[in-house]
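J.: Dumping the structure here so I can ask a few things about it.
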Amino acid sequence: MNKSTPKLIFVAALVAAPTPVLAQIVQQVACRPDFLDIPGAKARLEWARRCGLTLNTGSVPNTGNPLNFVESQKAADDVTFVGAKEYRENVANRAFSANVNDYDVNYSYSWALFGSFFAYTVFQETSGPTINFWKWSRTTQRTLPLYPTFNSTATGSGIQLYPHPTLANCNLYTDSTGTNQWPSTSNFFLAYYCTAGCYTPDQSLRFGTGEVNILDAFQARRDDIVTLSPDATLGDPRTQVSRVHSYTAGIRDAEQPVYKLTTASGGSLSVTGEHPVLVSNGRNGRLVKAEQLREGDDLLRADGTPDPITRVENTTFFGKVYNIAPTATEHVANLVIAQGFLVGSARFESDDLRYMNRALLFRGVPDEVMPR
């Protein structure tokens with residue numbers, strides 16, 4: 001296989017963890033039918049880890065065993081720098097962890113909550129149902145954690161399954177109210193990790209050949225998104241063509257809250273409320289969530305010039321929304337051009353919150369003196 005050929009990674013229709021050896025486009029999923037806010041996503045991750053550890057990592061009758069850890073091949077202990085203590089689920093068709101992560105419980109949990117890092121803080125739990133099991137942590141978390149959703153089939157095309165709304169047990173149900181329990185002997189699969197989508201399908205982004213509708217780009221697996229260069233400033237907003245790390249798409253049509261922004265130049269941008277948009281702040285630009293924008297705020301056009309917002313409409317859209325993330329990890333290089341405006345890529349929605357409100361693109365000011 002030619003690794004330079006853009007393709008979609010399907011591993012039981014699961015969101016694949018970022019890995020540097022894959023030069024292929026990853027599909028991520030926005031899960032409106034099983035939508036959770038940030039506290040709900042964190043609780044779902046804790047639940048999945050607890051259930052995987054206590055039910056599927058020990059010998060029959062699968063009561064769990066905190067001593068049967070192995071050294072992780074994916075991450076290290078940030079003190080000893082040997083493989084972090086890891087547990088692997090035994091039964092693949094009844095697992096609470098990701099198959100693309102080899103059913104490794106701690107890595108699946110930590111990648112979804114904190115992001116993909118070389119090392120984590122490793123400690124032994126002292127209370128609760130997972131007492132004595134080893135757990136991983138980081139100081140900072142993703143702005144929008146990923147969280148698992150379950151299905152009766154590995155491809156996610158069967159019956160959607162839900163944990164109990166209070167997470168009181170490790171059963172799954174065919175309804176979100178926890179009324180109709182999925183048979184305890186039936187198979188279930190972690191079908192997707194959910195994240196947030198942002199663009200309505202009529203929006204366009206700048207690719208190497210010019211403006212391309214986001215839906216068309218998604219369907220064609222376009223691999224040539226235009227971003228700002230890492231050394232760009234507002235006075236010199238030079239661009240580069242970057243490869244695409246991932247596309248985000250909704251599982252199915254659903255009602256989405258959308259903010260439609262109209263500017264003095266006649267420009268228009270429609271995004272979900274969590275989408276980071278670059279606004280002018282004197283000599284620099286700052287990323288803010290679309291839901292925080294007001295009339296009079298200055299959006300920034302691709303050439304760095306301000307364009308004041310003249311109207312903010314809080315609307316709804318029925319359908320799927322989409323997002324994109326370049327392979328570049330530099331923060332300035334994750335500013336893309338949507339409908340002619342500078343906005344943040346999907347990486348800003350899943351990255352550390354401190355980057356959301358940091359100042360960007362100072363005119364000629366070195367990065368090391370920028371506020372953090």
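Convention: chains lettered A, B, ... in structure tokens order; per-chain residue numbering from 1; ligands numbered from 1 as shown.
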Might you pull out every residue within 9 Å of region 202-205 of chain A, with only C-alpha atoms counted and same-chain residues fewer than 6 positions away left off, and present them as a ChimeraX atom specification?
T.: /A:211-215,217,225-226,269-271,336-340
J.: Residues within 10 Å of Val122 (chain A), please, as a PyMOL selection string. Count only C-alpha atoms; anything in the same chain fewer than 3 positions from it doesn't count.
T.: chain A and resi 76-80+84-86+106+119+125+134-138
J.: Please produce a file of those selected residues containing C-alpha atoms, as a JSON list (two decimals), in the first residue's frame.
T.:
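out.json was written with the following content:
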```
[["chain", "number", "residue", "atom", "x", "y", "z"],
["A", 76, "ALA", "CA", 5.84, 5.37, 29.78],
["A", 77, "ASP", "CA", 5.68, 6.22, 33.47],
["A", 78, "ASP", "CA", 6.88, 9.84, 33.72],
["A", 79, "VAL", "CA", 8.99, 9.03, 36.78],
["A", 80, "THR", "CA", 10.66, 5.73, 35.91],
["A", 84, "ALA", "CA", 3.44, 2.46, 32.26],
["A", 85, "LYS", "CA", 1.41, -0.18, 34.10],
["A", 86, "GLU", "CA", -1.32, -1.38, 31.75],
["A", 106, "ASN", "CA", -5.43, 2.68, 30.63],
["A", 119, "ALA", "CA", 4.50, 9.65, 29.32],
["A", 125, "GLU", "CA", -5.89, 3.82, 43.34],
["A", 134, "TRP", "CA", -2.90, 1.41, 38.49],
["A", 135, "LYS", "CA", -4.20, 4.55, 36.78],
["A", 136, "TRP", "CA", -2.66, 7.15, 34.46],
["A", 137, "SER", "CA", -3.08, 10.91, 34.62],
["A", 138, "ARG", "CA", -1.83, 14.21, 33.16]]
```
J.: For Pro201 (chain A), which residue out of A:Thr57, A:Thr262, A:Thr121, A:Gln219 is the nearest one, using only C-alpha atoms?
T.: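 Checking each of A:Thr57, A:Thr262, A:Thr121, A:Gln219 against Pro201 (chain A), counting only C-alpha atoms, the winner is A:Gln219.
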J.: When DSSP is applied to the backbone of this structure, which of region 15-230 of chain A are assigned alpha helix (DSSP H)? Write them out as number ranges by chain.
T.: A: 38-56, 105-114, 214-220
